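Working notes, structure below.
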Amino acid sequence: MLTTVFVGRSLDEIRFWSRIMKEHSLFLKLGFRCEDTQLIGEANQFYAVFEEIERRSHTFTAEADPEQIRRFNVEVHNAASHIWAFKRKVLGLILSCQLPGANNFPLLVDHVSREAFYFRNRLEQLNSGQLEALPDAIIDENVFFLRIMADHAKFIGHLLDPSERQLGEQARNFSHDFDQLLFQAKDLESMRPQSQTVPLLDQFLDQNRISVKSLRDFKKTARDLIEACRIKSIIHPLLADHVFREAERFLFIIDMLDASLTSKQPG
């Protein structure tokens with residue numbers, strides 16, 4: 001049973017995050033200047049690496065040999081570590097004003113590097129046998145994803161045309177709301193409730209689920225309008241779908257964490 005869970009969780013993480021890493025490579029490349037040929041070349045290489053990882057992940061089934069999946073996790077962990085280092089290098093170049101005129105926000109580059117670091121850590125956890133979320137891990141997951149959602153709202157607000165006043169105001173409101181949820185999660189993080197405080201953690205997840213659903217629906221509407229050319233923005237249609245899928249991922253994780261809490265309750 002545990003080996004089946006290990007294989008399934010590993011493949012799920014790799015299939016989701018390898019696609020995200022691939023798309024990050026594209027978004028970074030689109031933000032570089034035409035003279036940044038070395039960085040563009042590196043981004044193209046990472047795109048190819050994660051496209052191949054994504055393809056290979058779909059060749060495995062739930063009945064795959066756990067040792068084979070463990071080795072695959074190590075290989076993917078290595079690739080995630082390298083793209084994390086690339087992203088941090090790019091961030092350093094931007095912050096030291098060595099890429100003037102590039103169209104990658106520093107916060108966006110930091111954002112995508114945090115996701116690469118999260119991905120590599122998840123693979124480490126899986127290979128070390130950590131399959132079920134502990135109370136601390138539940139809080140950590142929400143701190144991570146709430147910050148990601150807050151960032152998304154900020155990016156949407158900045159990439160919309162200034163004339164899109166209503167959508168811009170909605171994005172700013174979501175940014176504020178998720179900043180507040182993040183502050184609440186950080187407060188809970190410092191309190192570090194233990195397993196006996198399951199009702200507190202359960203309420204925490206329920207509150208976040210409601211807010212993430214609202215943001216997910218906003219992203220879906222924005223994505224559909226962008227694809228139909230009904231919004232004035234510089235948001236790439238793939239980026240709009242990308243952030244929508246990450247909101248869906250957060251909801252999936254909230255449900256998984258909630259199920260883990262339910263299984264720990266007495267009786």
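Residue names in the structure tokens use chain letters A, B, ... in the order shown, residue numbers from 1 in each chain, and ligand numbers from 1 in the order shown.
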Residue neighbourhood stretch 142-151 of chain A, 8 Å, only C-alpha atoms, exclusion window fewer than 3 positions, as a list in words: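 These residues fall inside the cut-off: Leu107, Leu108, His111, Ile138, Ile139, Lys154, Phe155, Phe174, Ser175, His176, Asp177, Phe178, Asp179, Leu181, Leu182, Ala185, Lys186, Val212, Ala247 and Phe250 of chain A.
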Within 10 Å of A:Asn44 using only C-alpha atoms, minus same-chain residues under 2 positions, as number ranges by chain: A: 22, 25-26, 28-29, 38-42, 46-49
Residue neighbourhood A:Ala85, 10 Å, only C-alpha atoms, exclusion window fewer than 4 positions, as a PyMOL selection string: chain A and resi 79-81+89-91+113+116-117
Closest of A:Leu126, A:Leu225, A:Leu257, A:Val109 to A:Asn73 - atom-to-atom distances counting only C-alpha atoms: A:Leu126
Atom CA of A:Glu248 to atom CA of A:Phe204, straight-line distance in Å: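 Computing the Euclidean distance for atom CA of A:Phe204 and atom CA of A:Glu248 yields 17.9 Å.
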Alpha helix (DSSP H) positions in stretch 36-209 of chain A, given as JSON, numbers by chain: {"A": [37, 38, 39, 40, 41, 42, 43, 44, 45, 46, 47, 48, 49, 50, 51, 52, 53, 54, 55, 56, 57, 66, 67, 68, 69, 70, 71, 72, 73, 74, 75, 76, 77, 78, 79, 80, 81, 82, 83, 84, 85, 86, 87, 88, 89, 90, 91, 92, 93, 94, 95, 106, 107, 108, 109, 110, 111, 112, 113, 114, 115, 116, 117, 118, 119, 120, 121, 122, 123, 124, 125, 126, 127, 135, 136, 137, 138, 139, 140, 141, 142, 143, 144, 145, 146, 147, 148, 149, 150, 151, 152, 153, 154, 155, 156, 157, 158, 159, 165, 166, 167, 168, 169, 170, 171, 172, 173, 174, 175, 176, 177, 178, 179, 180, 181, 182, 183, 184, 185, 186, 187, 188, 189, 190, 191, 198, 199, 200, 201, 202, 203, 204, 205, 206, 207, 208, 209]}
For A:Asp258: contacts at 8 Å, only C-alpha atoms, fewer than 4 positions along chain excluded, given as a ChimeraX atom specification: /A:202,205,254,262
Contact residues around A:Arg230 with only C-alpha atoms at 12 Å, ignoring same-chain residues under 3 positions, as a PyMOL selection string: chain A and resi 160-161+164+167+221-227+233+237
Contact residues around A:Arg122 with only C-alpha atoms at 9 Å, ignoring same-chain residues under 5 positions, as a PyMOL selection string: chain A and resi 10+13+77+117+127
Keeping only C-alpha atoms, take the residues you just selected and write them out as a PDB file, in the first residue's frame.
```pdb
ATOM      1  CA  SER A  10       5.878  10.969  -6.917  1.00  0.00           C
ATOM      2  CA  GLU A  13       4.321  15.833  -8.269  1.00  0.00           C
ATOM      3  CA  HIS A  77      15.575  16.595  -8.103  1.00  0.00           C
ATOM      4  CA  PHE A 117      12.912  24.929  -4.405  1.00  0.00           C
ATOM      5  CA  ASN A 127      12.275   9.648  -1.193  1.00  0.00           C
TER       6      ASN A 127
END
```
Given only C-alpha atoms as the counted atoms, nearest of A:Gln184, A:Asn104, A:Gln45, A:Gln68 to A:His82: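 Looking at the shortest contact to A:His82, the residue is A:Gln45.
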Distance in Å - atom CA of A:Glu115 versus atom CA of A:Lys232: 28.0 Å
Atom-to-atom span, atom CA of A:Phe50 and atom CA of A:Leu123, Å: 15.0 Å
For A:Leu11: contacts at 12 Å, only C-alpha atoms, fewer than 6 positions along chain excluded, given as a VMD selection string: chain A and resid 4 to 5 17 to 18 53 to 64 66 68 to 70 72 to 73 76 122 to 123 126
